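Asker: Provided herewith is a single structure, encoded as structure tokens, for subsequent inquiry.
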Amino acid sequence: MSKEKIREIIYNIIKDIAPDEDLSNLDDTKAIRDQIELDSMDFLDIVLELRKRYKVDVPEEDYPKLATINGCVEYLDPKLKGACVS
Amino acid sequence: MSYDVVIIGAGMSGLAAGIRLAYYEKKVCILEKHSRPGGMNSFYNLQGRQFDVGLHAITNYVKKGTKNTPLSKLLKQLKLKYEDFALCEQKSSLISFPDVSLCFTNNFQTFEQEISDKFPSQKDNFYDLCKHISQFNELNLNSTPVSAREVVSSFISDPLLVEMLFCPLSYYGSAKEDDMDFDQFVIMFKSIFMEGFARPKTGVRQIINVLLKKYKACGGELRLKTGVKHINSRNGKVKSITLTNGNVLETKKILSSAGYVETMRLTGEKIQPDNDRIGKLSFVETIYVLDREPTELGIDKAIIFYNDSKKFLYRKPDNMVDLSSGVICCPNNFYFDNSLPEGMIRTTHIANFDLWDNPSSNDYRAQKIFWQKKSLKKICGVVPDFTSSMVFTDMFTPKTIKRFTGRLNGAVYGSPRKIKNGKTPVENLFICGTDQGFMGIIGAMLSGISMANLHAMN
């Protein structure tokens with residue numbers, strides 16, 4: 001799976017979790033939670049959606065690595081390599 | 001059968017927890033001993049009429065699009081649309097004490113204005129209290145209990161105003177006699193005064209049906225009329241659960257909304273009846289059906305909290321019922337798109353469970369009639385007399401509550417000692433709902449969600 005595709009996956013998940021948020025101005029290098037309203041329960045949903053949709057398990061100690069969109073892409077890249085695009 | 005999670009109780013918290021777990025592909029089963037879901041907020045039919053139990057109004061109401069509130073968090077977590085609950089706002093409500101009353105609506109400025117009009121010396125104090133409340137994180141799962149009376153009295157110097165603030169907040173969610181934990185107070189204050197009251201036109205059925213439909217769509221299993229006989233644990237760990245029908249379910253985790261003491265007793269732990277974890281506060285409620293809209297009789301408030309003296313007593317009474325205070329709810333006085341089929345008034349008073357639990361069945365019926373009449377007389381001194389418009393009356397008591405919910409002492413708000421993190425001495429057994437401590441219907445659902453997220457997702 002390409003990095004661009006992984007980025008799209010993350011955006012889709014956030015869009016589903018927080019449907020009322022405008023994601024068009026999201027800066028991929030900055031913390032997601034500083035830019036849109038995403039509380040800790042919503043953040044957990046990103047992890048849970050990754051598990052549900054792509055069978056990727058993110059242990060709790062790795063949560064900080066998912067703080068930015070770029071962080072998510074870097075973290076997920078090795079885990080999603082070879083995964084089918086669904 | 002083997003499950004990832006078994007949930008005890010299909011009330012608001014159990015259903016919400018079930019939705020979360022089933023949505024994220026846990027194998028989950030909810031057990032409910034009653035023939036219908038809802039728990040403390042259920043419903044029944046009598047003589048072709050539909051009645052709610054528990055729900056007067058949903059607290060925590062905010063308008064669509066309001067972010068970062070319990071209602072919006074809940075909808076996001078359960079993947080529900082704002083419209084699903086079909087909430088209609090209250091008109092206005094009242095706290096009525098001798099010589100002074102405070103009106104409030106879902107617009108907090110109404111209440112602020114009332115307080116500066118009626119208690120001019122407290123205007124700034126109330127402002128400071130509100131600021132403190134706004135900044136307070138009542139959802140902190142690791143907080144230590146602090147007396148709300150102490151905190152509130154450190155801001156508000158007029159004791160009458162303190163009593164008037166405690167009256168509705170206690171009635172709608174306090175398991176503690178004559179005080180609350182400050183975080184409970186904040187939950188209730190925000191949910192009632194800063195957010196507000198609303199009702200679905202069809203009452204609690206609307207909420208329960210939405211939750212049930214979602215739960216089933218996510219693949220969750222619900223077993224009604226299925227009580228729990230025993231929680232089987234070994235070395236501090238749950239292995240399985242024995243049902244009253246004799247079946248045994250294996251499960252990795254249990255989330256129980258049955259109450260802390262009620263749940264621990266199922267594990268075989270001996271807990272004495274005088275244990276201070278057992279709640280003492282129960283209520284009687286009477287439902288009056290009227291042949292006209294209450295507004296035609298001059299009753300225009302959604303909810304009235306009255307107290308007949310300057311000091312509000314919130315404790316288990318010496319008599320069967322304490323008529324010195326009460327709640328009068330008018331389900332008609334909400335902004336529905338068209339009016340309800342009939343007029344209705346519901347009244348609530350604090351009651352003594354032990355006295356209601358004891359009498360012989362003949363005496364029980366006689367006592368119900370006696371107290372219903374006494375209550376009616378009292379209520380008709382608070383609002384205009386509606387006696388001649390009554391077409392139907394029904395009453396339930398602490399004994400009824402115990403019978404349908406299994407709650408010890410019929411204690412609607414459960415234990416006075418909340419377990420915010422939901423943990424029990426048994427490693428994989430957790431508490432959600434009333435005894436975890438988020439109050440109100442929205443609070444109960446958030447409790448189920450939080451405990452499912454915290455303890456049962458991994």
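The way I read the labels, and the way they are meant: chains A, B, ... in the order of the structure tokens, residue 1 as the first residue of every chain, and ligand 1 as the first ligand shown, with later ones counted on from there.
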Only residues of chain B matter here; which ones have an atom within 9 Å of chain A, counting only C-alpha atoms? Give them as number ranges by chain.

Answerer: B: 24-25, 65, 67-68, 73, 76-77, 79, 450, 453, 457

Asker: Quick one: write out the picked residues with C-alpha atoms as a PDB file, in the first residue's frame?

Answerer:
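part-v5.pdb written:
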ATOM      1  CA  TYR B  24     -15.705  -3.333  17.289  1.00  0.00           C
ATOM      2  CA  GLU B  25     -16.343  -7.017  16.710  1.00  0.00           C
ATOM      3  CA  GLY B  65     -23.888  21.058  16.335  1.00  0.00           C
ATOM      4  CA  LYS B  67     -19.512  20.346  20.366  1.00  0.00           C
ATOM      5  CA  ASN B  68     -17.655  18.816  23.270  1.00  0.00           C
ATOM      6  CA  LYS B  73     -19.624  12.705  22.580  1.00  0.00           C
ATOM      7  CA  LYS B  76     -20.155  10.142  18.040  1.00  0.00           C
ATOM      8  CA  GLN B  77     -19.193   7.128  20.098  1.00  0.00           C
ATOM      9  CA  LYS B  79     -22.322   6.347  15.602  1.00  0.00           C
ATOM     10  CA  SER B 450     -16.268   4.681  28.997  1.00  0.00           C
ATOM     11  CA  ASN B 453     -13.467   1.519  26.135  1.00  0.00           C
ATOM     12  CA  MET B 457     -11.671  -3.274  24.005  1.00  0.00           C
TER      13      MET B 457
END

Asker: Return the single residue from A:Val56, A:Leu76, A:Leu50, A:Ile10 that is closest to Asp28 in chain A, with distances computed using only C-alpha atoms.

Answerer: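 Nearest candidate to Asp28 in chain A out of A:Val56, A:Leu76, A:Leu50, A:Ile10: A:Ile10.
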
Asker: List every residue of range 200-422 of chain B that DSSP, applied to the backbone of this structure, assigns to strand (DSSP E), and report them as a PyMOL selection string.

Answerer: chain B and resi 200+221-223+228-234+237-243+248-256+282-290+303-307+321-329+343-351+390-396

Asker: Write the selection just made, keeping C-alpha atoms, as an mmCIF file, in the first residue's frame?

Answerer:
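File part.cif, as written:
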data_model
loop_
_atom_site.group_PDB
_atom_site.id
_atom_site.type_symbol
_atom_site.label_atom_id
_atom_site.label_comp_id
_atom_site.auth_asym_id
_atom_site.auth_seq_id
_atom_site.Cartn_x
_atom_site.Cartn_y
_atom_site.Cartn_z
ATOM 1 C CA PRO B 200 -38.618 12.476 22.770
ATOM 2 C CA GLU B 221 -26.882 -10.678 21.316
ATOM 3 C CA LEU B 222 -29.565 -9.818 23.881
ATOM 4 C CA ARG B 223 -31.230 -12.318 26.171
ATOM 5 C CA VAL B 228 -27.823 -14.212 36.644
ATOM 6 C CA LYS B 229 -27.599 -16.765 39.420
ATOM 7 C CA HIS B 230 -23.892 -16.756 40.035
ATOM 8 C CA ILE B 231 -20.671 -15.271 38.733
ATOM 9 C CA ASN B 232 -18.136 -18.054 38.866
ATOM 10 C CA SER B 233 -14.631 -16.890 39.661
ATOM 11 C CA ARG B 234 -11.455 -18.638 40.638
ATOM 12 C CA LYS B 237 -10.771 -14.089 38.005
ATOM 13 C CA VAL B 238 -14.161 -14.679 36.396
ATOM 14 C CA LYS B 239 -14.405 -17.891 34.413
ATOM 15 C CA SER B 240 -18.084 -18.165 33.657
ATOM 16 C CA ILE B 241 -21.555 -17.081 34.621
ATOM 17 C CA THR B 242 -24.444 -19.303 35.706
ATOM 18 C CA LEU B 243 -27.881 -18.161 34.629
ATOM 19 C CA VAL B 248 -23.548 -21.578 31.978
ATOM 20 C CA LEU B 249 -21.868 -19.007 29.749
ATOM 21 C CA GLU B 250 -18.108 -18.787 29.501
ATOM 22 C CA THR B 251 -16.751 -15.279 29.193
ATOM 23 C CA LYS B 252 -13.431 -13.463 29.192
ATOM 24 C CA LYS B 253 -14.893 -10.358 30.860
ATOM 25 C CA ILE B 254 -18.021 -9.168 32.608
ATOM 26 C CA LEU B 255 -19.361 -5.625 32.625
ATOM 27 C CA SER B 256 -22.136 -5.348 35.193
ATOM 28 C CA SER B 282 -35.838 5.517 46.855
ATOM 29 C CA PHE B 283 -38.961 7.198 45.570
ATOM 30 C CA VAL B 284 -42.677 6.889 44.994
ATOM 31 C CA GLU B 285 -44.014 8.105 41.701
ATOM 32 C CA THR B 286 -47.616 8.751 40.716
ATOM 33 C CA ILE B 287 -48.807 9.205 37.157
ATOM 34 C CA TYR B 288 -52.015 11.151 36.515
ATOM 35 C CA VAL B 289 -53.673 11.142 33.112
ATOM 36 C CA LEU B 290 -55.779 14.265 32.548
ATOM 37 C CA ILE B 303 -40.687 20.278 35.682
ATOM 38 C CA ILE B 304 -41.221 21.821 39.105
ATOM 39 C CA PHE B 305 -38.980 20.981 42.049
ATOM 40 C CA TYR B 306 -40.695 22.112 45.226
ATOM 41 C CA ASN B 307 -39.700 22.218 48.870
ATOM 42 C CA VAL B 321 -43.227 9.104 51.985
ATOM 43 C CA ASP B 322 -41.732 12.543 52.581
ATOM 44 C CA LEU B 323 -44.168 15.072 51.150
ATOM 45 C CA SER B 324 -42.167 18.109 52.223
ATOM 46 C CA SER B 325 -40.464 18.089 48.837
ATOM 47 C CA GLY B 326 -41.119 16.605 45.444
ATOM 48 C CA VAL B 327 -40.911 16.811 41.692
ATOM 49 C CA ILE B 328 -43.861 17.557 39.417
ATOM 50 C CA CYS B 329 -43.248 16.677 35.787
ATOM 51 C CA GLY B 343 -52.548 15.442 29.430
ATOM 52 C CA MET B 344 -50.199 13.915 31.972
ATOM 53 C CA ILE B 345 -48.666 14.837 35.305
ATOM 54 C CA ARG B 346 -46.076 12.769 37.129
ATOM 55 C CA THR B 347 -45.106 13.383 40.722
ATOM 56 C CA THR B 348 -42.169 12.047 42.708
ATOM 57 C CA HIS B 349 -41.312 12.073 46.414
ATOM 58 C CA ILE B 350 -38.569 10.524 48.508
ATOM 59 C CA ALA B 351 -39.782 7.315 50.172
ATOM 60 C CA MET B 390 -58.025 13.240 36.319
ATOM 61 C CA VAL B 391 -59.072 10.234 34.258
ATOM 62 C CA PHE B 392 -56.490 7.680 35.320
ATOM 63 C CA THR B 393 -53.972 7.243 38.139
ATOM 64 C CA ASP B 394 -51.166 4.780 38.697
ATOM 65 C CA MET B 395 -48.517 4.688 41.381
ATOM 66 C CA PHE B 396 -45.304 2.817 41.932
#

Asker: Just the residues within 10 Å of Thr29 in chain A, please, counting only C-alpha atoms, with nothing from its chain fewer than 3 positions along; format it as a VMD selection string.

Answerer: chain A and resid 26 32 67 to 71

Asker: Hey, can you spit out that residue selection with C-alpha atoms as an mmCIF file, in the first residue's frame?

Answerer:
data_model
loop_
_atom_site.group_PDB
_atom_site.id
_atom_site.type_symbol
_atom_site.label_atom_id
_atom_site.label_comp_id
_atom_site.auth_asym_id
_atom_site.auth_seq_id
_atom_site.Cartn_x
_atom_site.Cartn_y
_atom_site.Cartn_z
ATOM 1 C CA LEU A 26 -5.527 19.922 8.339
ATOM 2 C CA ILE A 32 -4.383 16.266 14.865
ATOM 3 C CA ALA A 67 -0.404 12.225 16.952
ATOM 4 C CA THR A 68 0.075 13.718 13.472
ATOM 5 C CA ILE A 69 -1.089 12.530 10.068
ATOM 6 C CA ASN A 70 2.530 12.146 8.952
ATOM 7 C CA GLY A 71 3.251 10.220 12.147
#

Asker: Name the residues in contact with range 257-272 of chain B at a cut-off of 6 Å, using only C-alpha atoms, excluding same-chain residues fewer than 2 positions from it; report them as a ChimeraX atom specification.

Answerer: /B:8-9,230-231,274-275,431-433,435

Asker: For N, CA and C atoms, I'd like the residues from the last selection saved as a PDB file, in the first residue's frame.

Answerer:
ATOM      1  N   ILE B   8     -24.169  -7.450  32.153  1.00  0.00           N
ATOM      2  CA  ILE B   8     -25.343  -7.715  32.984  1.00  0.00           C
ATOM      3  C   ILE B   8     -26.218  -6.462  33.000  1.00  0.00           C
ATOM      4  N   GLY B   9     -27.422  -6.590  32.477  1.00  0.00           N
ATOM      5  CA  GLY B   9     -28.374  -5.480  32.487  1.00  0.00           C
ATOM      6  C   GLY B   9     -28.487  -4.771  31.143  1.00  0.00           C
ATOM      7  N   HIS B 230     -25.206 -16.792  39.392  1.00  0.00           N
ATOM      8  CA  HIS B 230     -23.892 -16.756  40.035  1.00  0.00           C
ATOM      9  C   HIS B 230     -22.800 -16.371  39.042  1.00  0.00           C
ATOM     10  N   ILE B 231     -21.872 -15.554  39.518  1.00  0.00           N
ATOM     11  CA  ILE B 231     -20.671 -15.271  38.733  1.00  0.00           C
ATOM     12  C   ILE B 231     -19.577 -16.183  39.268  1.00  0.00           C
ATOM     13  N   ASP B 274     -26.178  -3.675  56.162  1.00  0.00           N
ATOM     14  CA  ASP B 274     -25.926  -2.321  56.662  1.00  0.00           C
ATOM     15  C   ASP B 274     -24.664  -1.713  56.045  1.00  0.00           C
ATOM     16  N   ASN B 275     -24.091  -2.404  55.059  1.00  0.00           N
ATOM     17  CA  ASN B 275     -22.891  -1.897  54.414  1.00  0.00           C
ATOM     18  C   ASN B 275     -23.147  -0.502  53.832  1.00  0.00           C
ATOM     19  N   ILE B 431     -17.696  -2.641  36.713  1.00  0.00           N
ATOM     20  CA  ILE B 431     -18.995  -2.035  36.984  1.00  0.00           C
ATOM     21  C   ILE B 431     -19.245  -0.911  35.972  1.00  0.00           C
ATOM     22  N   CYS B 432     -20.447  -0.832  35.455  1.00  0.00           N
ATOM     23  CA  CYS B 432     -20.817   0.354  34.679  1.00  0.00           C
ATOM     24  C   CYS B 432     -22.203   0.806  35.126  1.00  0.00           C
ATOM     25  N   GLY B 433     -22.615   1.964  34.665  1.00  0.00           N
ATOM     26  CA  GLY B 433     -23.947   2.470  35.019  1.00  0.00           C
ATOM     27  C   GLY B 433     -23.929   3.227  36.327  1.00  0.00           C
ATOM     28  N   ASP B 435     -23.666   2.837  39.513  1.00  0.00           N
ATOM     29  CA  ASP B 435     -22.648   2.753  40.563  1.00  0.00           C
ATOM     30  C   ASP B 435     -21.253   3.146  40.093  1.00  0.00           C
TER      31      ASP B 435
END

Asker: May I have all residues of chain A that DSSP, computed from the backbone, assigns to alpha helix (DSSP H), given as number ranges by chain?

Answerer: A: 3-17, 32-35, 40-54, 69-80

Asker: So, with only C-alpha atoms as the atoms that count, which of B:Asn458, B:Ser92, B:Ser388, B:Asn142 lies closest to Asn107 in chain B?

Answerer: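 For Asn107 in chain B, the nearest of the given residues is B:Ser92.
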
Asker: Which residues are close to range 112-116 of chain B, i.e. within 9 Å by only C-alpha atoms, leaving aside same-chain residues fewer than 3 positions away? Reply as a PDB file with C-alpha atoms, in the first residue's frame.

Answerer:
ATOM      1  CA  SER B 101     -38.842  30.521  43.163  1.00  0.00           C
ATOM      2  CA  LEU B 102     -36.257  30.292  40.408  1.00  0.00           C
ATOM      3  CA  CYS B 103     -37.244  29.682  36.806  1.00  0.00           C
ATOM      4  CA  PHE B 104     -34.839  28.078  34.360  1.00  0.00           C
ATOM      5  CA  PHE B 108     -28.553  29.383  30.967  1.00  0.00           C
ATOM      6  CA  GLN B 109     -28.889  33.184  30.940  1.00  0.00           C
ATOM      7  CA  PHE B 119     -30.582  36.904  45.134  1.00  0.00           C
ATOM      8  CA  PRO B 120     -28.864  40.183  44.169  1.00  0.00           C
ATOM      9  CA  SER B 121     -26.198  39.748  46.838  1.00  0.00           C
ATOM     10  CA  GLN B 122     -25.203  36.394  45.320  1.00  0.00           C
ATOM     11  CA  LYS B 123     -24.832  37.477  41.706  1.00  0.00           C
ATOM     12  CA  ASP B 124     -21.028  37.620  41.715  1.00  0.00           C
ATOM     13  CA  PHE B 126     -22.870  32.573  41.554  1.00  0.00           C
ATOM     14  CA  TYR B 127     -20.769  33.782  38.642  1.00  0.00           C
ATOM     15  CA  LEU B 161     -29.772  29.617  47.483  1.00  0.00           C
TER      16      LEU B 161
END

Asker: Record the distance separating CA of Gln206 in chain B and CA of Pro70 in chain B, expressed in Å with one decimal.

Answerer: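 If I compute the distance from CA of Gln206 in chain B to CA of Pro70 in chain B, I get 18.6 Å.
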
Asker: Between CA of Pro37 in chain B and CA of Leu224 in chain B, what is the spacing in Å?

Answerer: 7.5 Å

Asker: Have a look at CA of Ser13 in chain B and CA of Gly440 in chain B and let me know their distance in Å, one decimal.

Answerer: 10.4 Å

Asker: Skip range 372-385 of chain B itself and residues of its chain fewer than 2 positions away, then list as a VMD selection string all residues within 7 Å of it, counting only C-alpha atoms.

Answerer: chain B and resid 297 to 299 323 368 to 370 387

Asker: Using only C-alpha atoms, which protein or nucleic acid residues come within 10 Å of Leu80 in chain A? Drop anything in the same chain fewer than 6 positions from it, and give the result as a PyMOL selection string.

Answerer: chain A and resi 1-3+6+54-56+73
